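Chemist: You'll find upload_6.cif just under this line, and it carries mmCIF, N, CA, C and O atoms.
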```
data_coords
loop_
_atom_site.label_atom_id
_atom_site.label_comp_id
_atom_site.auth_asym_id
_atom_site.auth_seq_id
_atom_site.Cartn_x
_atom_site.Cartn_y
_atom_site.Cartn_z
N SER Y 1 109.59 116.91 128.13
CA SER Y 1 108.89 115.66 128.34
C SER Y 1 109.16 115.13 129.75
O SER Y 1 108.24 114.72 130.44
N SER Y 2 110.43 115.14 130.16
CA SER Y 2 110.74 114.65 131.49
C SER Y 2 110.22 115.61 132.56
O SER Y 2 109.87 115.18 133.66
N THR Y 3 110.16 116.90 132.24
CA THR Y 3 109.61 117.87 133.19
C THR Y 3 108.13 117.61 133.42
O THR Y 3 107.66 117.64 134.56
N ILE Y 4 107.41 117.32 132.36
CA ILE Y 4 105.98 117.08 132.50
C ILE Y 4 105.72 115.77 133.22
O ILE Y 4 104.85 115.70 134.09
N SER Y 5 106.48 114.73 132.91
CA SER Y 5 106.28 113.47 133.62
C SER Y 5 106.66 113.61 135.09
O SER Y 5 106.03 113.00 135.96
N SER Y 6 107.67 114.42 135.39
CA SER Y 6 108.01 114.68 136.79
C SER Y 6 106.89 115.43 137.48
O SER Y 6 106.56 115.14 138.64
N PHE Y 7 106.28 116.37 136.76
CA PHE Y 7 105.15 117.12 137.32
C PHE Y 7 104.00 116.18 137.65
O PHE Y 7 103.38 116.27 138.71
N PHE Y 8 103.70 115.24 136.73
CA PHE Y 8 102.62 114.28 136.98
C PHE Y 8 102.96 113.38 138.17
O PHE Y 8 102.10 113.10 139.00
N SER Y 9 104.20 112.93 138.25
CA SER Y 9 104.60 112.06 139.35
C SER Y 9 104.48 112.77 140.70
O SER Y 9 103.98 112.19 141.67
N VAL Y 10 104.93 114.01 140.74
CA VAL Y 10 104.82 114.78 141.98
C VAL Y 10 103.36 115.01 142.34
O VAL Y 10 102.96 114.89 143.51
N SER Y 11 102.54 115.29 141.35
CA SER Y 11 101.12 115.52 141.60
C SER Y 11 100.44 114.26 142.15
O SER Y 11 99.65 114.32 143.09
N ILE Y 12 100.77 113.11 141.58
CA ILE Y 12 100.19 111.85 142.07
C ILE Y 12 100.71 111.54 143.47
O ILE Y 12 99.94 111.11 144.34
N PHE Y 13 101.99 111.79 143.71
CA PHE Y 13 102.54 111.56 145.05
C PHE Y 13 101.87 112.46 146.09
O PHE Y 13 101.54 112.01 147.18
N LEU Y 14 101.66 113.73 145.74
CA LEU Y 14 100.97 114.64 146.67
C LEU Y 14 99.54 114.18 146.93
O LEU Y 14 99.05 114.26 148.05
N GLY Y 15 98.88 113.70 145.89
CA GLY Y 15 97.52 113.18 146.06
C GLY Y 15 97.50 111.98 146.98
O GLY Y 15 96.63 111.87 147.86
N SER Y 16 98.45 111.06 146.81
CA SER Y 16 98.49 109.89 147.68
C SER Y 16 98.82 110.28 149.11
O SER Y 16 98.29 109.70 150.06
N SER Y 17 99.68 111.28 149.29
CA SER Y 17 99.99 111.77 150.65
C SER Y 17 98.75 112.39 151.28
O SER Y 17 98.49 112.22 152.48
N PHE Y 18 97.97 113.09 150.46
CA PHE Y 18 96.73 113.69 150.95
C PHE Y 18 95.75 112.61 151.39
O PHE Y 18 95.13 112.72 152.44
N PHE Y 19 95.61 111.54 150.59
CA PHE Y 19 94.71 110.45 150.96
C PHE Y 19 95.18 109.74 152.22
O PHE Y 19 94.37 109.32 153.04
N THR Y 20 96.50 109.62 152.39
CA THR Y 20 97.04 108.99 153.59
C THR Y 20 96.76 109.86 154.81
O THR Y 20 96.37 109.35 155.87
N ALA Y 21 96.96 111.17 154.67
CA ALA Y 21 96.73 112.07 155.80
C ALA Y 21 95.26 112.06 156.24
O ALA Y 21 94.96 112.15 157.43
N LEU Y 22 94.36 111.93 155.28
CA LEU Y 22 92.93 111.90 155.61
C LEU Y 22 92.45 110.52 156.05
O LEU Y 22 91.33 110.37 156.51
N GLU Y 23 93.32 109.52 155.89
CA GLU Y 23 92.96 108.13 156.13
C GLU Y 23 91.74 107.75 155.30
O GLU Y 23 90.84 107.05 155.75
N ALA Y 24 91.72 108.23 154.05
CA ALA Y 24 90.59 107.96 153.15
C ALA Y 24 90.66 106.56 152.58
O ALA Y 24 89.63 105.95 152.31
N VAL Y 25 91.86 106.06 152.31
CA VAL Y 25 92.05 104.70 151.83
C VAL Y 25 93.12 104.05 152.69
O VAL Y 25 93.85 104.72 153.41
N PHE Y 26 93.21 102.74 152.60
CA PHE Y 26 94.21 102.04 153.39
C PHE Y 26 95.61 102.46 152.96
O PHE Y 26 95.85 102.76 151.80
N LEU Y 27 96.54 102.45 153.88
CA LEU Y 27 97.89 102.95 153.66
C LEU Y 27 98.58 102.26 152.49
O LEU Y 27 99.29 102.89 151.73
N VAL Y 28 98.35 100.98 152.30
CA VAL Y 28 99.02 100.24 151.24
C VAL Y 28 98.52 100.69 149.86
O VAL Y 28 99.26 100.68 148.90
N ALA Y 29 97.27 101.11 149.78
CA ALA Y 29 96.64 101.38 148.49
C ALA Y 29 96.56 102.85 148.14
O ALA Y 29 95.97 103.19 147.13
N ASP Y 30 97.14 103.74 148.92
CA ASP Y 30 96.94 105.17 148.67
C ASP Y 30 97.54 105.62 147.34
O ASP Y 30 96.90 106.33 146.59
N PHE Y 31 98.76 105.17 147.02
CA PHE Y 31 99.36 105.56 145.74
C PHE Y 31 98.60 104.93 144.57
O PHE Y 31 98.37 105.57 143.55
N ASP Y 32 98.22 103.68 144.74
CA ASP Y 32 97.46 102.99 143.69
C ASP Y 32 96.14 103.70 143.43
O ASP Y 32 95.76 103.94 142.28
N PHE Y 33 95.45 104.07 144.49
CA PHE Y 33 94.18 104.79 144.35
C PHE Y 33 94.38 106.14 143.66
O PHE Y 33 93.63 106.51 142.75
N ALA Y 34 95.41 106.87 144.08
CA ALA Y 34 95.68 108.19 143.48
C ALA Y 34 96.03 108.06 142.00
O ALA Y 34 95.53 108.82 141.18
N PHE Y 35 96.86 107.08 141.65
CA PHE Y 35 97.28 106.91 140.26
C PHE Y 35 96.11 106.49 139.38
O PHE Y 35 95.93 107.02 138.28
N ILE Y 36 95.32 105.54 139.84
CA ILE Y 36 94.19 105.05 139.05
C ILE Y 36 93.17 106.16 138.82
O ILE Y 36 92.66 106.33 137.71
N ASN Y 37 92.87 106.93 139.84
CA ASN Y 37 91.90 108.00 139.66
C ASN Y 37 92.47 109.18 138.88
O ASN Y 37 91.75 109.83 138.13
N TYR Y 38 93.76 109.44 139.04
CA TYR Y 38 94.39 110.55 138.32
C TYR Y 38 94.36 110.31 136.81
O TYR Y 38 94.18 111.23 136.03
N THR Y 39 94.54 109.06 136.41
CA THR Y 39 94.51 108.72 135.00
C THR Y 39 93.10 108.39 134.52
O THR Y 39 92.92 107.98 133.38
N THR Y 40 92.11 108.58 135.35
CA THR Y 40 90.68 108.37 135.09
C THR Y 40 90.34 106.95 134.68
O THR Y 40 89.35 106.72 134.00
N LEU Y 41 91.14 105.98 135.08
CA LEU Y 41 90.80 104.58 134.79
C LEU Y 41 89.64 104.12 135.66
O LEU Y 41 88.70 103.52 135.18
N GLY Y 42 89.75 104.36 136.97
CA GLY Y 42 88.67 104.04 137.90
C GLY Y 42 88.25 102.58 137.88
O GLY Y 42 87.11 102.27 137.59
N TYR Y 43 89.17 101.68 138.19
CA TYR Y 43 88.85 100.26 138.18
C TYR Y 43 87.71 99.90 139.12
O TYR Y 43 86.93 99.03 138.85
N GLY Y 44 87.65 100.54 140.26
CA GLY Y 44 86.59 100.26 141.23
C GLY Y 44 86.97 99.26 142.30
O GLY Y 44 86.16 98.96 143.17
N HIS Y 45 88.18 98.74 142.25
CA HIS Y 45 88.58 97.79 143.28
C HIS Y 45 89.04 98.48 144.56
O HIS Y 45 89.15 97.85 145.60
N LEU Y 46 89.29 99.77 144.48
CA LEU Y 46 89.63 100.56 145.67
C LEU Y 46 88.57 101.65 145.84
O LEU Y 46 88.36 102.45 144.94
N VAL Y 47 87.96 101.64 146.98
CA VAL Y 47 86.93 102.65 147.26
C VAL Y 47 87.30 103.31 148.59
O VAL Y 47 87.55 102.61 149.57
N PRO Y 48 87.34 104.64 148.63
CA PRO Y 48 87.67 105.30 149.89
C PRO Y 48 86.56 105.13 150.92
O PRO Y 48 85.44 104.72 150.59
N GLU Y 49 86.89 105.45 152.14
CA GLU Y 49 85.89 105.40 153.21
C GLU Y 49 84.72 106.32 152.86
O GLU Y 49 84.87 107.29 152.11
N ALA Y 50 83.58 106.05 153.43
CA ALA Y 50 82.33 106.75 153.06
C ALA Y 50 82.42 108.27 153.04
O ALA Y 50 81.97 108.89 152.08
N PRO Y 51 83.00 108.91 154.06
CA PRO Y 51 83.01 110.38 154.00
C PRO Y 51 83.91 110.96 152.91
O PRO Y 51 83.78 112.12 152.55
N TRP Y 52 84.81 110.15 152.36
CA TRP Y 52 85.80 110.66 151.40
C TRP Y 52 85.56 110.16 149.98
O TRP Y 52 86.41 110.31 149.12
N GLN Y 53 84.41 109.59 149.69
CA GLN Y 53 84.18 109.01 148.37
C GLN Y 53 84.14 110.04 147.25
O GLN Y 53 84.35 109.71 146.10
N VAL Y 54 83.90 111.29 147.55
CA VAL Y 54 83.89 112.33 146.52
C VAL Y 54 85.31 112.65 146.03
O VAL Y 54 85.48 113.25 144.98
N LEU Y 55 86.32 112.23 146.76
CA LEU Y 55 87.70 112.51 146.36
C LEU Y 55 88.11 111.78 145.09
O LEU Y 55 88.95 112.27 144.34
N GLY Y 56 87.52 110.63 144.82
CA GLY Y 56 87.84 109.88 143.60
C GLY Y 56 87.51 110.67 142.34
O GLY Y 56 88.39 110.90 141.50
N PRO Y 57 86.27 111.11 142.17
CA PRO Y 57 85.94 111.92 140.99
C PRO Y 57 86.69 113.24 140.93
O PRO Y 57 87.05 113.71 139.85
N MET Y 58 86.97 113.84 142.09
CA MET Y 58 87.73 115.09 142.09
C MET Y 58 89.15 114.86 141.59
O MET Y 58 89.69 115.67 140.83
N THR Y 59 89.75 113.75 141.99
CA THR Y 59 91.09 113.42 141.52
C THR Y 59 91.08 113.13 140.02
O THR Y 59 91.99 113.53 139.30
N ALA Y 60 90.04 112.46 139.55
CA ALA Y 60 89.93 112.17 138.12
C ALA Y 60 89.82 113.46 137.31
O ALA Y 60 90.46 113.60 136.26
N MET Y 61 89.01 114.40 137.77
CA MET Y 61 88.88 115.68 137.05
C MET Y 61 90.19 116.46 137.08
O MET Y 61 90.55 117.11 136.10
N ASN Y 62 90.90 116.39 138.18
CA ASN Y 62 92.21 117.03 138.26
C ASN Y 62 93.15 116.43 137.22
O ASN Y 62 93.88 117.15 136.53
N GLY Y 63 93.13 115.12 137.09
CA GLY Y 63 93.97 114.46 136.10
C GLY Y 63 93.62 114.87 134.68
O GLY Y 63 94.50 115.14 133.86
N VAL Y 64 92.31 114.94 134.37
CA VAL Y 64 91.88 115.36 133.03
C VAL Y 64 92.35 116.78 132.74
O VAL Y 64 92.88 117.07 131.65
N LEU Y 65 92.17 117.68 133.69
CA LEU Y 65 92.59 119.06 133.49
C LEU Y 65 94.10 119.18 133.31
O LEU Y 65 94.57 119.93 132.44
N LEU Y 66 94.86 118.44 134.09
CA LEU Y 66 96.32 118.54 133.98
C LEU Y 66 96.84 117.88 132.71
O LEU Y 66 97.82 118.36 132.12
N PHE Y 67 96.21 116.81 132.25
CA PHE Y 67 96.61 116.23 130.97
C PHE Y 67 96.31 117.20 129.83
O PHE Y 67 97.10 117.36 128.91
N GLY Y 68 95.16 117.85 129.88
CA GLY Y 68 94.83 118.84 128.87
C GLY Y 68 95.77 120.02 128.89
O GLY Y 68 96.20 120.52 127.85
N TRP Y 69 96.10 120.49 130.08
CA TRP Y 69 97.02 121.61 130.23
C TRP Y 69 98.39 121.25 129.66
O TRP Y 69 99.00 122.05 128.94
N SER Y 70 98.89 120.06 129.97
CA SER Y 70 100.21 119.68 129.48
C SER Y 70 100.20 119.52 127.96
O SER Y 70 101.20 119.84 127.30
N THR Y 71 99.10 119.06 127.39
CA THR Y 71 98.99 118.98 125.93
C THR Y 71 99.08 120.36 125.31
O THR Y 71 99.77 120.57 124.31
N ALA Y 72 98.39 121.32 125.90
CA ALA Y 72 98.43 122.70 125.39
C ALA Y 72 99.84 123.29 125.50
O ALA Y 72 100.31 123.96 124.58
N VAL Y 73 100.51 123.03 126.60
CA VAL Y 73 101.88 123.55 126.77
C VAL Y 73 102.82 122.93 125.75
O VAL Y 73 103.62 123.63 125.12
N LEU Y 74 102.74 121.61 125.56
CA LEU Y 74 103.60 120.96 124.57
C LEU Y 74 103.33 121.48 123.16
O LEU Y 74 104.27 121.72 122.39
N PHE Y 75 102.07 121.68 122.82
CA PHE Y 75 101.73 122.21 121.50
C PHE Y 75 102.30 123.61 121.32
O PHE Y 75 102.84 123.94 120.27
N GLN Y 76 102.21 124.44 122.34
CA GLN Y 76 102.74 125.80 122.26
C GLN Y 76 104.26 125.79 122.11
O GLN Y 76 104.82 126.54 121.32
N VAL Y 77 104.92 124.95 122.87
CA VAL Y 77 106.39 124.86 122.78
C VAL Y 77 106.81 124.40 121.39
O VAL Y 77 107.74 124.96 120.79
N LEU Y 78 106.12 123.40 120.86
CA LEU Y 78 106.46 122.93 119.51
C LEU Y 78 106.16 123.98 118.45
O LEU Y 78 106.91 124.13 117.48
N SER Y 79 105.07 124.72 118.60
CA SER Y 79 104.74 125.77 117.64
C SER Y 79 105.78 126.88 117.63
O SER Y 79 106.22 127.34 116.57
N VAL Y 80 106.18 127.33 118.80
CA VAL Y 80 107.19 128.38 118.90
C VAL Y 80 108.53 127.88 118.34
O VAL Y 80 109.21 128.61 117.61
N SER Y 81 108.88 126.64 118.65
CA SER Y 81 110.14 126.09 118.14
C SER Y 81 110.10 125.96 116.63
O SER Y 81 111.10 126.24 115.96
N ALA Y 82 108.98 125.54 116.09
CA ALA Y 82 108.86 125.41 114.63
C ALA Y 82 109.00 126.76 113.95
O ALA Y 82 109.67 126.88 112.93
N ARG Y 83 108.36 127.79 114.51
CA ARG Y 83 108.49 129.14 113.94
C ARG Y 83 109.91 129.64 114.03
O ARG Y 83 110.43 130.27 113.11
N ARG Y 84 110.56 129.37 115.14
CA ARG Y 84 111.93 129.84 115.33
C ARG Y 84 112.89 129.22 114.34
O ARG Y 84 113.81 129.88 113.84
N PHE Y 85 112.69 127.95 114.01
CA PHE Y 85 113.58 127.27 113.07
C PHE Y 85 113.05 127.28 111.65
O PHE Y 85 113.64 126.64 110.77
N GLY Y 86 111.98 127.99 111.40
CA GLY Y 86 111.46 128.13 110.05
C GLY Y 86 110.82 126.88 109.48
O GLY Y 86 110.78 126.70 108.28
N ILE Y 87 110.30 126.04 110.34
CA ILE Y 87 109.65 124.80 109.89
C ILE Y 87 108.18 125.11 109.62
O ILE Y 87 107.49 125.66 110.47
N ARG Y 88 107.73 124.74 108.42
CA ARG Y 88 106.32 124.96 108.07
C ARG Y 88 105.60 123.64 108.26
O ARG Y 88 106.08 122.60 107.86
N TYR Y 89 104.42 123.70 108.82
CA TYR Y 89 103.62 122.49 108.99
C TYR Y 89 102.21 122.70 108.53
O TYR Y 89 101.76 123.75 108.27
#
```
Could I get this structure in the form of structure tokens?

Modeler:
Amino acid sequence: SSTISSFFSVSIFLGSSFFTALEAVFLVADFDFAFINYTTLGYGHLVPEAPWQVLGPMTAMNGVLLFGWSTAVLFQVLSVSARRFGIRY
């Protein structure tokens, strides 16, 4: 659980660093923008500069894919552990 949350935190931090390097959003709001789009909330109060507006939906899709991937990994780990300990579900 902590490994997956660390993975998400690192991914969001890298995304915010990427937005800062591109100067796509203001420096103060880069982490906020990355986190909101990564979790697919998309409040709309932060909008990147015109040439970089496609990065918002791309970040949202990345978040959806990584949340799905982590769900699959957790399910597999729990399934293998249940079989190993003889737990029937």

Chemist: Run the PyMOL selection byres (((chain Y and resi 23 and name CA) around 12) and name CA) against the file shown and list the residues it catches, as a list in words.

Modeler: Ser16, Ser17, Phe18, Phe19, Thr20, Ala21, Leu22, Ala24, Val25, Phe26, Leu27, Val28, Ala29, Asp30, Pro48, Glu49, Ala50, Pro51, Trp52, Gln53 and Leu55 of chain Y

Chemist: Check the smallest atom-to-atom distance from each of Y:Thr40, Y:Phe33, Y:Gly63, Y:Val54 to Ser11 of chain Y using only C-alpha atoms, then report the winner.

Modeler: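 Between Y:Thr40, Y:Phe33, Y:Gly63, Y:Val54, the residue approaching Ser11 of chain Y most closely is Y:Gly63.
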
Chemist: List every residue of chain Y that DSSP, applied to the backbone, labels as alpha helix (DSSP H), and write the result as a PyMOL selection string.

Modeler: chain Y and resi 2-22+30-38+55-84

Chemist: Go through Y:Ser79, Y:Ser9, Y:Thr3, Y:Thr39 and flag the residue nearest Leu65 of chain Y, using only C-alpha atoms for the distances.

Modeler: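 Checking each candidate against Leu65 of chain Y, we get Y:Thr39 as the closest.
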
Chemist: Take atom CA of Ile4 of chain Y and atom CA of Trp69 of chain Y and report the distance between them in Å, one decimal.

Modeler: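 Between atom CA of Ile4 of chain Y and atom CA of Trp69 of chain Y the gap works out to 10.3 Å.
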
Chemist: Report, in Å to a single decimal, how far apart atom O of Asn37 of chain Y and atom C of Met58 of chain Y are.

Modeler: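 Atom O of Asn37 of chain Y lies 6.6 Å from atom C of Met58 of chain Y.
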
Chemist: For atom CA of Leu14 of chain Y and atom CA of Ala72 of chain Y, determine how far apart the two atoms are, in Å to one decimal place.

Modeler: 22.9 Å

Chemist: Is it possible to get the residues within 7 Å of (97.1, 113.4, 134.2) (coordinates as in the file, counting only C-alpha atoms) written as a PyMOL selection string?

Modeler: chain Y and resi 8+38-39+63-64+66-67

Chemist: Between Y:Ile36, Y:Ile87, Y:Val73, Y:Ala82, single out the one closest to Gly56 of chain Y, counting all atoms listed in the file.

Modeler: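 Of the candidates, the smallest distance to Gly56 of chain Y is held by Y:Ile36.
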
Chemist: Add whatever atoms are absent from segment 67-78 of chain Y to reach all heavy atoms, and provide the output as an mmCIF file, in the frame of the given file.

Modeler:
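Ended up saving to rebuild_32.cif:
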```
data_model
loop_
_atom_site.group_PDB
_atom_site.id
_atom_site.type_symbol
_atom_site.label_atom_id
_atom_site.label_comp_id
_atom_site.auth_asym_id
_atom_site.auth_seq_id
_atom_site.Cartn_x
_atom_site.Cartn_y
_atom_site.Cartn_z
ATOM 1 N N PHE Y 67 96.210 116.810 132.250
ATOM 2 C CA PHE Y 67 96.610 116.230 130.970
ATOM 3 C C PHE Y 67 96.310 117.200 129.830
ATOM 4 O O PHE Y 67 97.100 117.360 128.910
ATOM 5 C CB PHE Y 67 95.913 114.889 130.731
ATOM 6 C CG PHE Y 67 96.574 113.728 131.417
ATOM 7 C CD1 PHE Y 67 95.887 112.995 132.355
ATOM 8 C CD2 PHE Y 67 97.880 113.378 131.115
ATOM 9 C CE1 PHE Y 67 96.484 111.926 132.990
ATOM 10 C CE2 PHE Y 67 98.484 112.311 131.749
ATOM 11 C CZ PHE Y 67 97.793 111.581 132.693
ATOM 12 N N GLY Y 68 95.160 117.850 129.880
ATOM 13 C CA GLY Y 68 94.830 118.840 128.870
ATOM 14 C C GLY Y 68 95.770 120.020 128.890
ATOM 15 O O GLY Y 68 96.200 120.520 127.850
ATOM 16 N N TRP Y 69 96.100 120.490 130.080
ATOM 17 C CA TRP Y 69 97.020 121.610 130.230
ATOM 18 C C TRP Y 69 98.390 121.250 129.660
ATOM 19 O O TRP Y 69 99.000 122.050 128.940
ATOM 20 C CB TRP Y 69 97.128 121.998 131.698
ATOM 21 C CG TRP Y 69 98.164 123.027 131.967
ATOM 22 C CD1 TRP Y 69 98.055 124.369 131.782
ATOM 23 C CD2 TRP Y 69 99.490 122.801 132.450
ATOM 24 N NE1 TRP Y 69 99.222 124.988 132.130
ATOM 25 C CE2 TRP Y 69 100.122 124.045 132.540
ATOM 26 C CE3 TRP Y 69 100.196 121.657 132.819
ATOM 27 C CZ2 TRP Y 69 101.428 124.173 132.977
ATOM 28 C CZ3 TRP Y 69 101.495 121.796 133.247
ATOM 29 C CH2 TRP Y 69 102.095 123.050 133.327
ATOM 30 N N SER Y 70 98.890 120.060 129.970
ATOM 31 C CA SER Y 70 100.210 119.680 129.480
ATOM 32 C C SER Y 70 100.200 119.520 127.960
ATOM 33 O O SER Y 70 101.200 119.840 127.300
ATOM 34 C CB SER Y 70 100.686 118.388 130.139
ATOM 35 O OG SER Y 70 99.853 117.312 129.766
ATOM 36 N N THR Y 71 99.100 119.060 127.390
ATOM 37 C CA THR Y 71 98.990 118.980 125.930
ATOM 38 C C THR Y 71 99.080 120.360 125.310
ATOM 39 O O THR Y 71 99.770 120.570 124.310
ATOM 40 C CB THR Y 71 97.683 118.292 125.523
ATOM 41 O OG1 THR Y 71 97.637 116.995 126.122
ATOM 42 C CG2 THR Y 71 97.554 118.170 124.029
ATOM 43 N N ALA Y 72 98.390 121.320 125.900
ATOM 44 C CA ALA Y 72 98.430 122.700 125.390
ATOM 45 C C ALA Y 72 99.840 123.290 125.500
ATOM 46 O O ALA Y 72 100.310 123.960 124.580
ATOM 47 C CB ALA Y 72 97.435 123.562 126.154
ATOM 48 N N VAL Y 73 100.510 123.030 126.600
ATOM 49 C CA VAL Y 73 101.880 123.550 126.770
ATOM 50 C C VAL Y 73 102.820 122.930 125.750
ATOM 51 O O VAL Y 73 103.620 123.630 125.120
ATOM 52 C CB VAL Y 73 102.379 123.294 128.212
ATOM 53 C CG1 VAL Y 73 103.868 123.543 128.335
ATOM 54 C CG2 VAL Y 73 101.619 124.166 129.190
ATOM 55 N N LEU Y 74 102.740 121.610 125.560
ATOM 56 C CA LEU Y 74 103.600 120.960 124.570
ATOM 57 C C LEU Y 74 103.330 121.480 123.160
ATOM 58 O O LEU Y 74 104.270 121.720 122.390
ATOM 59 C CB LEU Y 74 103.393 119.446 124.599
ATOM 60 C CG LEU Y 74 104.093 118.699 125.719
ATOM 61 C CD1 LEU Y 74 103.690 117.234 125.713
ATOM 62 C CD2 LEU Y 74 105.589 118.825 125.593
ATOM 63 N N PHE Y 75 102.070 121.680 122.820
ATOM 64 C CA PHE Y 75 101.730 122.210 121.500
ATOM 65 C C PHE Y 75 102.300 123.610 121.320
ATOM 66 O O PHE Y 75 102.840 123.940 120.270
ATOM 67 C CB PHE Y 75 100.219 122.222 121.292
ATOM 68 C CG PHE Y 75 99.822 122.670 119.930
ATOM 69 C CD1 PHE Y 75 99.917 121.818 118.849
ATOM 70 C CD2 PHE Y 75 99.367 123.964 119.720
ATOM 71 C CE1 PHE Y 75 99.563 122.237 117.582
ATOM 72 C CE2 PHE Y 75 99.016 124.406 118.456
ATOM 73 C CZ PHE Y 75 99.114 123.529 117.386
ATOM 74 N N GLN Y 76 102.210 124.440 122.340
ATOM 75 C CA GLN Y 76 102.740 125.800 122.260
ATOM 76 C C GLN Y 76 104.260 125.790 122.110
ATOM 77 O O GLN Y 76 104.820 126.540 121.320
ATOM 78 C CB GLN Y 76 102.325 126.610 123.486
ATOM 79 C CG GLN Y 76 102.771 128.041 123.457
ATOM 80 C CD GLN Y 76 102.140 128.822 122.314
ATOM 81 O OE1 GLN Y 76 101.055 128.515 121.849
ATOM 82 N NE2 GLN Y 76 102.839 129.842 121.857
ATOM 83 N N VAL Y 77 104.920 124.950 122.870
ATOM 84 C CA VAL Y 77 106.390 124.860 122.780
ATOM 85 C C VAL Y 77 106.810 124.400 121.390
ATOM 86 O O VAL Y 77 107.740 124.960 120.790
ATOM 87 C CB VAL Y 77 106.941 123.909 123.873
ATOM 88 C CG1 VAL Y 77 108.393 123.540 123.606
ATOM 89 C CG2 VAL Y 77 106.793 124.541 125.241
ATOM 90 N N LEU Y 78 106.120 123.400 120.860
ATOM 91 C CA LEU Y 78 106.460 122.930 119.510
ATOM 92 C C LEU Y 78 106.160 123.980 118.450
ATOM 93 O O LEU Y 78 106.910 124.130 117.480
ATOM 94 C CB LEU Y 78 105.715 121.634 119.219
ATOM 95 C CG LEU Y 78 106.183 120.417 120.010
ATOM 96 C CD1 LEU Y 78 105.287 119.225 119.731
ATOM 97 C CD2 LEU Y 78 107.628 120.090 119.693
#
```
